[in-house]
file work_23.cif (mmCIF, C-alpha atoms)
data_start
#
loop_
_atom_site.group_PDB
_atom_site.id
_atom_site.type_symbol
_atom_site.label_atom_id
_atom_site.label_comp_id
_atom_site.auth_asym_id
_atom_site.auth_seq_id
_atom_site.Cartn_x
_atom_site.Cartn_y
_atom_site.Cartn_z
ATOM 1 C CA MET P 25 59.340 104.574 123.987
ATOM 2 C CA PHE P 26 60.319 102.136 121.230
ATOM 3 C CA THR P 27 62.905 99.668 122.532
ATOM 4 C CA GLN P 28 62.579 96.670 120.201
ATOM 5 C CA THR P 29 66.041 95.436 119.277
ATOM 6 C CA LEU P 30 67.169 94.797 115.739
ATOM 7 C CA ASP P 31 67.811 91.273 114.572
ATOM 8 C CA ASP P 32 71.569 90.632 114.626
ATOM 9 C CA SER P 33 71.469 89.481 111.007
ATOM 10 C CA LEU P 34 70.187 92.910 109.964
ATOM 11 C CA VAL P 35 72.882 94.601 112.051
ATOM 12 C CA LYS P 36 75.525 92.548 110.215
ATOM 13 C CA THR P 37 73.950 93.341 106.855
ATOM 14 C CA LEU P 38 74.036 97.071 107.572
ATOM 15 C CA VAL P 39 77.714 96.905 108.509
ATOM 16 C CA ALA P 40 78.511 94.749 105.463
ATOM 17 C CA ASP P 41 77.038 97.556 103.359
ATOM 18 C CA ALA P 42 78.926 100.211 105.330
ATOM 19 C CA VAL P 43 82.348 98.661 104.770
ATOM 20 C CA THR P 44 82.051 98.761 100.992
ATOM 21 C CA ALA P 45 83.347 102.330 101.403
ATOM 22 C CA PRO P 46 86.694 103.342 99.918
ATOM 23 C CA SER P 47 89.644 103.978 102.216
ATOM 24 C CA MET P 48 93.248 104.982 101.771
ATOM 25 C CA HIS P 49 95.106 102.008 100.249
ATOM 26 C CA ASN P 50 92.011 99.951 101.137
ATOM 27 C CA ALA P 51 93.276 99.711 104.717
ATOM 28 C CA GLN P 52 89.670 99.686 106.036
ATOM 29 C CA PRO P 53 90.603 101.537 109.264
ATOM 30 C CA TRP P 54 87.292 101.187 111.077
ATOM 31 C CA HIS P 55 85.523 99.235 113.756
ATOM 32 C CA PHE P 56 81.792 99.251 114.436
ATOM 33 C CA GLY P 57 80.041 98.549 117.686
ATOM 34 C CA TYR P 58 76.333 97.961 118.120
ATOM 35 C CA ALA P 59 74.424 98.218 121.401
ATOM 36 C CA ARG P 60 71.167 96.291 121.203
ATOM 37 C CA GLY P 61 69.526 98.113 124.098
ATOM 38 C CA SER P 62 69.930 101.608 122.681
ATOM 39 C CA ARG P 63 69.844 100.586 118.985
ATOM 40 C CA THR P 64 73.037 102.580 118.517
ATOM 41 C CA PHE P 65 76.039 101.975 116.300
ATOM 42 C CA THR P 66 79.407 103.428 117.183
ATOM 43 C CA LEU P 67 82.184 103.950 114.654
ATOM 44 C CA SER P 68 85.771 103.961 115.890
ATOM 45 C CA ALA P 69 89.092 104.443 114.136
ATOM 46 C CA ASP P 70 91.334 101.394 113.967
ATOM 47 C CA LEU P 71 94.606 103.221 114.516
ATOM 48 C CA GLU P 72 96.644 100.080 113.875
ATOM 49 C CA ARG P 73 95.672 100.651 110.239
ATOM 50 C CA ALA P 74 96.826 104.269 110.172
ATOM 51 C CA MET P 75 99.603 105.424 107.834
ATOM 52 C CA PRO P 76 102.043 107.625 109.757
ATOM 53 C CA HIS P 77 104.087 108.578 106.690
ATOM 54 C CA ALA P 78 101.400 109.467 104.137
ATOM 55 C CA ASP P 79 98.703 110.397 106.654
ATOM 56 C CA PRO P 80 100.355 111.611 109.874
ATOM 57 C CA THR P 81 97.330 113.623 111.027
ATOM 58 C CA THR P 82 94.905 110.724 110.245
ATOM 59 C CA ARG P 83 92.898 113.068 108.034
ATOM 60 C CA GLY P 84 92.799 110.432 105.309
ATOM 61 C CA LEU P 85 91.761 107.790 107.832
ATOM 62 C CA HIS P 86 88.850 110.029 108.875
ATOM 63 C CA LEU P 87 87.786 110.398 105.230
ATOM 64 C CA GLY P 88 87.481 106.638 104.834
ATOM 65 C CA CYS P 89 85.556 106.310 108.084
ATOM 66 C CA GLY P 90 83.266 109.170 107.035
ATOM 67 C CA ALA P 91 82.534 107.319 103.801
ATOM 68 C CA ALA P 92 81.652 104.179 105.774
ATOM 69 C CA LEU P 93 79.403 106.307 107.991
ATOM 70 C CA LEU P 94 77.489 107.564 104.945
ATOM 71 C CA ASN P 95 77.087 103.995 103.717
ATOM 72 C CA LEU P 96 75.646 102.960 107.074
ATOM 73 C CA ARG P 97 73.032 105.714 106.797
ATOM 74 C CA VAL P 98 72.219 104.666 103.226
ATOM 75 C CA ALA P 99 71.786 101.037 104.272
ATOM 76 C CA ALA P 100 69.640 101.986 107.269
ATOM 77 C CA SER P 101 67.405 104.202 105.132
ATOM 78 C CA HIS P 102 67.021 101.399 102.609
ATOM 79 C CA ALA P 103 65.951 99.107 105.467
ATOM 80 C CA GLY P 104 63.313 101.645 106.523
ATOM 81 C CA HIS P 105 65.079 103.298 109.455
ATOM 82 C CA ARG P 106 65.777 106.919 110.143
ATOM 83 C CA THR P 107 69.116 107.682 111.779
ATOM 84 C CA SER P 108 70.400 110.282 114.224
ATOM 85 C CA THR P 109 74.152 110.881 114.049
ATOM 86 C CA ILE P 110 76.541 112.559 116.480
ATOM 87 C CA LEU P 111 80.100 113.137 115.302
ATOM 88 C CA LEU P 112 82.934 112.793 117.834
ATOM 89 C CA PRO P 113 80.549 112.136 120.730
ATOM 90 C CA ASP P 114 83.267 111.886 123.414
ATOM 91 C CA PRO P 115 85.991 114.582 123.445
ATOM 92 C CA HIS P 116 88.060 112.346 125.722
ATOM 93 C CA SER P 117 88.031 109.496 123.184
ATOM 94 C CA PRO P 118 89.176 110.940 119.829
ATOM 95 C CA ALA P 119 89.205 107.486 118.253
ATOM 96 C CA LEU P 120 85.433 107.293 118.795
ATOM 97 C CA LEU P 121 84.329 109.005 115.601
ATOM 98 C CA ALA P 122 80.543 108.782 115.568
ATOM 99 C CA ALA P 123 77.416 107.393 117.193
ATOM 100 C CA VAL P 124 74.419 106.534 115.013
ATOM 101 C CA ARG P 125 71.065 105.731 116.606
ATOM 102 C CA LEU P 126 68.472 103.900 114.550
ATOM 103 C CA ASP P 127 64.971 105.192 115.076
ATOM 104 C CA PRO P 128 61.945 102.866 114.777
ATOM 105 C CA PRO P 129 60.968 101.765 111.260
ATOM 106 C CA HIS P 130 59.215 104.639 109.548
ATOM 107 C CA GLU P 131 57.384 104.929 106.255
ATOM 108 C CA HIS P 132 59.034 108.286 105.598
ATOM 109 C CA THR P 133 62.788 107.694 105.482
ATOM 110 C CA ASP P 134 65.344 109.828 103.656
ATOM 111 C CA GLU P 135 64.613 108.741 100.098
ATOM 112 C CA SER P 136 67.616 110.683 98.786
ATOM 113 C CA LEU P 137 69.789 108.279 100.789
ATOM 114 C CA ALA P 138 67.758 105.103 100.283
ATOM 115 C CA CYS P 139 67.848 105.481 96.500
ATOM 116 C CA LEU P 140 71.665 105.290 96.599
ATOM 117 C CA HIS P 141 71.611 101.761 98.028
ATOM 118 C CA PRO P 142 71.928 99.909 94.671
ATOM 119 C CA ALA P 143 75.271 101.643 94.127
ATOM 120 C CA LEU P 144 76.877 100.471 97.377
ATOM 121 C CA ARG P 145 78.222 97.195 96.007
ATOM 122 C CA ASN P 146 78.728 98.467 92.452
ATOM 123 C CA ARG P 147 81.002 101.393 93.306
ATOM 124 C CA HIS P 148 84.638 100.506 92.717
ATOM 125 C CA THR P 149 87.712 102.613 92.093
ATOM 126 C CA SER P 150 88.598 102.488 88.403
ATOM 127 C CA ARG P 151 92.218 102.962 87.325
ATOM 128 C CA SER P 152 91.359 102.279 83.687
ATOM 129 C CA PRO P 153 91.174 104.790 80.832
ATOM 130 C CA PHE P 154 88.004 106.863 80.509
ATOM 131 C CA THR P 155 86.600 108.333 77.314
ATOM 132 C CA GLU P 156 86.748 112.030 76.495
ATOM 133 C CA ARG P 157 82.942 112.280 76.751
ATOM 134 C CA ARG P 158 82.070 115.298 78.859
ATOM 135 C CA ILE P 159 79.934 114.909 81.972
ATOM 136 C CA PRO P 160 76.687 116.851 81.331
ATOM 137 C CA GLU P 161 76.201 120.081 83.254
ATOM 138 C CA ASN P 162 73.034 118.861 84.960
ATOM 139 C CA LEU P 163 74.891 115.826 86.323
ATOM 140 C CA ARG P 164 77.783 118.001 87.483
ATOM 141 C CA THR P 165 75.277 120.186 89.304
ATOM 142 C CA ALA P 166 73.683 117.144 90.951
ATOM 143 C CA LEU P 167 77.082 115.923 92.158
ATOM 144 C CA VAL P 168 77.885 119.368 93.579
ATOM 145 C CA GLU P 169 74.548 119.354 95.399
ATOM 146 C CA ALA P 170 75.221 115.855 96.754
ATOM 147 C CA ALA P 171 78.448 117.074 98.374
ATOM 148 C CA ALA P 172 76.696 120.128 99.778
ATOM 149 C CA ARG P 173 74.129 117.908 101.526
ATOM 150 C CA GLU P 174 76.976 116.600 103.685
ATOM 151 C CA GLY P 175 78.567 119.979 104.339
ATOM 152 C CA ALA P 176 81.313 119.947 101.700
ATOM 153 C CA GLN P 177 82.080 121.721 98.449
ATOM 154 C CA LEU P 178 82.721 119.968 95.137
ATOM 155 C CA SER P 179 84.159 122.061 92.321
ATOM 156 C CA PHE P 180 84.964 120.848 88.812
ATOM 157 C CA LEU P 181 88.271 122.198 87.546
ATOM 158 C CA THR P 182 88.765 124.291 84.454
ATOM 159 C CA THR P 183 91.994 125.421 82.839
ATOM 160 C CA PRO P 184 94.427 126.765 83.881
ATOM 161 C CA HIS P 185 93.683 125.547 87.430
ATOM 162 C CA ARG P 186 93.301 121.983 86.185
ATOM 163 C CA GLU P 187 96.751 122.079 84.592
ATOM 164 C CA THR P 188 98.233 123.366 87.855
ATOM 165 C CA VAL P 189 96.590 120.525 89.768
ATOM 166 C CA LEU P 190 97.833 117.942 87.258
ATOM 167 C CA ASP P 191 101.369 119.289 87.670
ATOM 168 C CA LEU P 192 101.085 119.089 91.454
ATOM 169 C CA ILE P 193 99.934 115.478 91.227
ATOM 170 C CA THR P 194 102.923 114.606 89.037
ATOM 171 C CA HIS P 195 105.336 116.281 91.447
ATOM 172 C CA ALA P 196 103.766 114.617 94.485
ATOM 173 C CA GLU P 197 103.890 111.176 92.848
ATOM 174 C CA GLY P 198 107.608 111.716 92.328
ATOM 175 C CA TYR P 199 108.126 112.884 95.904
ATOM 176 C CA ASN P 200 106.350 109.782 97.181
ATOM 177 C CA ARG P 201 108.610 107.463 95.188
ATOM 178 C CA MET P 202 111.738 109.211 96.494
ATOM 179 C CA ASP P 203 110.539 109.015 100.114
ATOM 180 C CA ASP P 204 111.654 105.648 101.479
ATOM 181 C CA GLY P 205 109.122 105.659 104.314
ATOM 182 C CA ARG P 206 106.172 106.426 102.075
ATOM 183 C CA ALA P 207 107.292 103.969 99.416
ATOM 184 C CA ALA P 208 107.583 101.200 102.008
ATOM 185 C CA GLU P 209 104.230 102.113 103.520
ATOM 186 C CA GLN P 210 102.509 101.934 100.148
ATOM 187 C CA HIS P 211 104.205 98.616 99.383
ATOM 188 C CA ARG P 212 102.917 97.247 102.685
ATOM 189 C CA TRP P 213 99.352 97.741 101.450
ATOM 190 C CA THR P 214 99.787 96.207 97.992
ATOM 191 C CA ARG P 215 99.061 92.550 97.364
ATOM 192 C CA ASP P 216 100.773 90.161 94.954
ATOM 193 C CA THR P 217 97.887 87.787 94.313
ATOM 194 C CA ALA P 218 100.146 85.126 92.816
ATOM 195 C CA ALA P 219 102.536 85.033 95.756
ATOM 196 C CA GLY P 220 100.325 83.700 98.510
ATOM 197 C CA PRO P 221 96.836 83.337 99.972
ATOM 198 C CA ALA P 222 94.273 86.005 99.201
ATOM 199 C CA ALA P 223 94.238 88.987 101.572
ATOM 200 C CA ASP P 224 91.110 90.756 102.768
ATOM 201 C CA ASP P 225 92.565 94.267 102.657
ATOM 202 C CA GLY P 226 95.013 96.364 100.652
ATOM 203 C CA ILE P 227 95.258 96.909 96.893
ATOM 204 C CA PRO P 228 95.560 93.649 94.902
ATOM 205 C CA ASP P 229 97.747 93.794 91.817
ATOM 206 C CA TYR P 230 94.760 93.198 89.528
ATOM 207 C CA ALA P 231 93.375 96.559 90.679
ATOM 208 C CA PHE P 232 96.506 98.560 89.797
ATOM 209 C CA GLY P 233 95.150 99.188 86.310
ATOM 210 C CA PRO P 234 97.293 99.417 83.179
ATOM 211 C CA ARG P 235 100.432 101.506 82.913
ATOM 212 C CA GLU P 236 99.733 104.964 81.536
ATOM 213 C CA ARG P 237 101.254 104.988 78.067
ATOM 214 C CA THR P 238 99.819 108.339 76.962
ATOM 215 C CA GLY P 239 97.392 110.830 78.437
ATOM 216 C CA SER P 240 97.104 112.989 81.553
ATOM 217 C CA ALA P 241 95.061 110.853 83.945
ATOM 218 C CA PRO P 242 96.259 111.579 87.506
ATOM 219 C CA LEU P 243 96.618 108.041 88.812
ATOM 220 C CA ARG P 244 98.656 106.719 91.702
ATOM 221 C CA ASP P 245 100.808 103.883 90.455
ATOM 222 C CA PHE P 246 100.624 101.229 93.156
ATOM 223 C CA ALA P 247 103.437 99.335 91.475
ATOM 224 C CA GLY P 248 105.661 102.042 92.970
ATOM 225 C CA ARG P 249 109.324 101.417 92.344
ATOM 226 C CA GLY P 250 108.672 97.878 91.204
ATOM 227 C CA ALA P 251 107.101 96.306 88.159
ATOM 228 C CA VAL P 252 104.210 93.915 87.635
ATOM 229 C CA PRO P 253 105.099 91.172 85.123
ATOM 230 C CA GLY P 254 102.801 91.190 82.115
ATOM 231 C CA ARG P 255 101.133 94.468 83.071
ATOM 232 C CA ALA P 256 99.667 96.094 79.983
ATOM 233 C CA GLY P 257 99.965 99.715 78.954
ATOM 234 C CA ALA P 258 97.049 101.876 77.810
ATOM 235 C CA ASP P 259 96.238 105.290 76.398
ATOM 236 C CA PHE P 260 94.378 107.414 78.932
ATOM 237 C CA GLU P 261 92.283 110.520 78.426
ATOM 238 C CA GLU P 262 94.090 113.711 77.399
ATOM 239 C CA HIS P 263 91.642 115.946 79.266
ATOM 240 C CA PRO P 264 90.677 114.216 82.520
ATOM 241 C CA GLN P 265 87.624 115.619 84.283
ATOM 242 C CA LEU P 266 88.754 116.533 87.765
ATOM 243 C CA ALA P 267 86.944 117.897 90.791
ATOM 244 C CA LEU P 268 88.183 119.074 94.179
ATOM 245 C CA LEU P 269 86.341 118.160 97.363
ATOM 246 C CA SER P 270 86.868 120.639 100.185
ATOM 247 C CA THR P 271 85.422 121.966 103.423
ATOM 248 C CA THR P 272 85.608 125.377 105.049
ATOM 249 C CA GLY P 273 87.135 123.980 108.231
ATOM 250 C CA ASP P 274 89.945 121.494 108.718
ATOM 251 C CA THR P 275 89.094 119.679 111.944
ATOM 252 C CA PRO P 276 88.432 115.960 112.502
ATOM 253 C CA ALA P 277 84.694 116.652 112.261
ATOM 254 C CA ASP P 278 85.273 118.357 108.896
ATOM 255 C CA TRP P 279 87.278 115.350 107.726
ATOM 256 C CA LEU P 280 84.380 113.054 108.586
ATOM 257 C CA ARG P 281 81.922 115.330 106.756
ATOM 258 C CA ALA P 282 84.241 115.348 103.749
ATOM 259 C CA GLY P 283 84.293 111.544 103.776
ATOM 260 C CA ARG P 284 80.512 111.409 103.888
ATOM 261 C CA ALA P 285 80.312 113.891 101.017
ATOM 262 C CA LEU P 286 82.891 111.963 99.002
ATOM 263 C CA GLU P 287 80.898 108.755 99.241
ATOM 264 C CA ARG P 288 77.590 110.476 98.503
ATOM 265 C CA VAL P 289 79.104 111.913 95.332
ATOM 266 C CA LEU P 290 80.589 108.557 94.323
ATOM 267 C CA LEU P 291 77.362 106.629 94.878
ATOM 268 C CA LEU P 292 75.347 109.116 92.828
ATOM 269 C CA ALA P 293 78.019 109.067 90.122
ATOM 270 C CA THR P 294 77.862 105.265 90.021
ATOM 271 C CA LEU P 295 74.084 105.312 89.636
ATOM 272 C CA GLN P 296 74.480 107.734 86.740
ATOM 273 C CA GLY P 297 76.959 105.525 84.895
ATOM 274 C CA LEU P 298 80.156 107.323 85.864
ATOM 275 C CA ALA P 299 83.373 105.692 87.002
ATOM 276 C CA GLY P 300 85.831 107.350 89.335
ATOM 277 C CA SER P 301 89.269 107.264 90.884
ATOM 278 C CA PHE P 302 91.238 109.365 93.357
ATOM 279 C CA ALA P 303 94.387 111.438 93.299
ATOM 280 C CA THR P 304 95.478 112.151 96.853
ATOM 281 C CA GLN P 305 99.219 112.518 96.335
ATOM 282 C CA PRO P 306 99.453 116.348 96.641
ATOM 283 C CA VAL P 307 96.892 116.363 99.462
ATOM 284 C CA GLU P 308 99.368 114.289 101.475
ATOM 285 C CA TRP P 309 102.051 117.017 101.269
ATOM 286 C CA PRO P 310 101.025 120.129 103.299
ATOM 287 C CA ASP P 311 102.795 122.629 101.046
ATOM 288 C CA LEU P 312 101.232 121.193 97.895
ATOM 289 C CA ARG P 313 97.813 120.829 99.509
ATOM 290 C CA TRP P 314 97.715 124.583 100.151
ATOM 291 C CA ILE P 315 98.414 125.329 96.460
ATOM 292 C CA LEU P 316 95.484 123.137 95.387
ATOM 293 C CA ARG P 317 93.024 125.775 96.581
ATOM 294 C CA ASP P 318 90.839 127.584 94.087
ATOM 295 C CA PRO P 319 93.016 130.522 92.932
ATOM 296 C CA ARG P 320 89.955 132.762 92.610
ATOM 297 C CA SER P 321 88.626 132.362 96.133
ATOM 298 C CA GLY P 322 91.713 131.136 97.978
ATOM 299 C CA THR P 323 89.463 129.462 100.507
ATOM 300 C CA GLY P 324 88.616 125.942 101.496
ATOM 301 C CA ASN P 325 90.668 122.983 102.647
ATOM 302 C CA VAL P 326 91.068 120.378 99.921
ATOM 303 C CA HIS P 327 90.638 116.757 100.975
ATOM 304 C CA MET P 328 90.367 114.875 97.707
ATOM 305 C CA ILE P 329 90.960 115.172 93.979
ATOM 306 C CA LEU P 330 88.378 113.156 92.079
ATOM 307 C CA ARG P 331 88.735 111.909 88.521
ATOM 308 C CA LEU P 332 85.314 111.154 87.063
ATOM 309 C CA GLY P 333 84.240 110.049 83.625
ATOM 310 C CA TYR P 334 82.789 107.388 81.390
ATOM 311 C CA GLY P 335 84.676 104.136 81.394
ATOM 312 C CA PRO P 336 84.764 100.670 82.942
ATOM 313 C CA GLN P 337 83.930 100.306 86.597
ATOM 314 C CA GLY P 338 86.939 99.065 88.487
ATOM 315 C CA PRO P 339 87.311 95.531 89.834
ATOM 316 C CA ARG P 340 85.929 94.568 93.215
ATOM 317 C CA THR P 341 88.595 94.780 95.912
ATOM 318 C CA PRO P 342 88.577 92.622 99.054
ATOM 319 C CA ARG P 343 86.841 93.497 102.304
ATOM 320 C CA ARG P 344 87.465 92.201 105.803
ATOM 321 C CA PRO P 345 84.788 89.847 107.165
ATOM 322 C CA VAL P 346 82.077 91.585 109.151
ATOM 323 C CA ASP P 347 82.957 89.584 112.262
ATOM 324 C CA GLN P 348 86.380 91.299 112.267
ATOM 325 C CA VAL P 349 84.952 94.816 112.185
ATOM 326 C CA LEU P 350 81.787 94.520 114.297
ATOM 327 C CA THR P 351 81.159 93.967 117.993
ATOM 328 C CA ILE P 352 77.559 93.469 119.176
ATOM 329 C CA GLU P 353 76.759 94.212 122.805
ATOM 330 C CA PRO P 354 73.580 93.859 124.917
#
call {"tool": "encode", "arguments": {"input": "work_23.cif", "output": "structure tokens"}}
result
Amino acid sequence: MFTQTLDDSLVKTLVADAVTAPSMHNAQPWHFGYARGSRTFTLSADLERAMPHADPTTRGLHLGCGAALLNLRVAASHAGHRTSTILLPDPHSPALLAAVRLDPPHEHTDESLACLHPALRNRHTSRSPFTERRIPENLRTALVEAAAREGAQLSFLTTPHRETVLDLITHAEGYNRMDDGRAAEQHRWTRDTAAGPAADDGIPDYAFGPRERTGSAPLRDFAGRGAVPGRAGADFEEHPQLALLSTTGDTPADWLRAGRALERVLLLATLQGLAGSFATQPVEWPDLRWILRDPRSGTGNVHMILRLGYGPQGPRTPRRPVDQVLTIEP
């Protein structure tokens, strides 16, 4: 039996790659453990970073943790290790989300994961305008297949369903601004970079993107009820290219799979020169989330609305130091 432990520097590197994942309001609601003896990572939810108003079920928190889990597998494959993953390994500890064992170095790793590694540190959420250039059908198909590898469904929207979804996003954005609890919660996770020392979480004001002057891009405005001095306006795309990410089930395990699928899609999109952003506003309201379903099939549980296209990659947002999110044990 192979029992050689990993060098702690490699363990930290793998986690540093994992935490480049996106998370709701960049709250980074995760904590990793690593047991040297069993060569096993654990991933736990940091519930102090949950959002009880916008995400009362912690579904969104699970999505972010699932994305970090996919990144860990990508980083391990790049380092030459196969992984074995168990989701929700302890039914008595729901905050323990996954256990990932690293097998001995092997010449035959999952190349479909390893090849995504260059995108880990280049993937950023972009709240800038995209062009109207259409994503080619073969790339759309590849992105759909990437989601399917992780047990989720990705479907690009066509009219009139797209127009319905855009309307729902607009309504949900308005509901959020009128809800004092949600507005305060969002404000808690925004960062005025001129007002104090740099933070290592949340959405910095430089990542808000320009104000939408014209267009139909479904962007969350992190300025909320306030205003950012000197913030520019811009013309966004009239026909945003949107896709829904969904799973058949709607359990915590499904939420983790959806997060893995989301990140796999985003990493492949980044490698192919696409930029992306999210629209989660209607997903956060149960009544609106139900209406997001494909009107033809009426099935699936929607977890994310993706806006993809050709445009500038977004700015790098801060990440918590690895020492704050990793515990190494014998």
call {"tool": "closest_residue", "arguments": {"input": "work_23.cif", "among": "P:Arg320, P:Arg331, P:Arg83, P:Arg343", "to": "His185 of chain P", "atoms": "all atoms listed in the file"}}
result
P:Arg320
call {"tool": "resolve_selection", "arguments": {"input": "work_23.cif", "expression": "the PyMOL selection byres ((chain P and resi 127-142) around 8)", "output": "PyMOL selection string"}}
result
chain P and resi 26+63+97-102+104-108+125-126+143-146+291-292+295
call {"tool": "residues_around", "arguments": {"input": "work_23.cif", "residues": "segment 195-206 of chain P", "least_positions_apart": "6", "cutoff": "9 Å", "atoms": "all atoms listed in the file", "output": "list in words"}}
result
Met75, Pro76, His77, Ala78, Leu243, Arg244, Asp245, Gly248, Arg249, Thr304, Gln305, Pro306, Val307, Glu308, Trp309 and Leu312 of chain P
call {"tool": "write_last_selection", "arguments": {"input": "work_23.cif", "atoms": "C-alpha atoms", "output": "mmCIF file, in the frame of the given file"}}
result
data_model
loop_
_atom_site.group_PDB
_atom_site.id
_atom_site.type_symbol
_atom_site.label_atom_id
_atom_site.label_comp_id
_atom_site.auth_asym_id
_atom_site.auth_seq_id
_atom_site.Cartn_x
_atom_site.Cartn_y
_atom_site.Cartn_z
ATOM 1 C CA MET P 75 99.603 105.424 107.834
ATOM 2 C CA PRO P 76 102.043 107.625 109.757
ATOM 3 C CA HIS P 77 104.087 108.578 106.690
ATOM 4 C CA ALA P 78 101.400 109.467 104.137
ATOM 5 C CA LEU P 243 96.618 108.041 88.812
ATOM 6 C CA ARG P 244 98.656 106.719 91.702
ATOM 7 C CA ASP P 245 100.808 103.883 90.455
ATOM 8 C CA GLY P 248 105.661 102.042 92.970
ATOM 9 C CA ARG P 249 109.324 101.417 92.344
ATOM 10 C CA THR P 304 95.478 112.151 96.853
ATOM 11 C CA GLN P 305 99.219 112.518 96.335
ATOM 12 C CA PRO P 306 99.453 116.348 96.641
ATOM 13 C CA VAL P 307 96.892 116.363 99.462
ATOM 14 C CA GLU P 308 99.368 114.289 101.475
ATOM 15 C CA TRP P 309 102.051 117.017 101.269
ATOM 16 C CA LEU P 312 101.232 121.193 97.895
#
call {"tool": "residues_around", "arguments": {"input": "work_23.cif", "residues": "Pro113 of chain P", "least_positions_apart": "4", "cutoff": "8 Å", "atoms": "only C-alpha atoms", "output": "VMD selection string"}}
result
chain P and resid 120 to 123
call {"tool": "closest_residue", "arguments": {"input": "work_23.cif", "among": "P:Phe56, P:Phe260, P:Tyr334, P:Tyr230", "to": "Ala40 of chain P", "atoms": "only C-alpha atoms"}}
result
P:Phe56
call {"tool": "closest_residue", "arguments": {"input": "work_23.cif", "among": "P:Gln265, P:Gln52, P:Gln210, P:Thr351", "to": "Cys89 of chain P", "atoms": "only C-alpha atoms"}}
result
P:Gln52
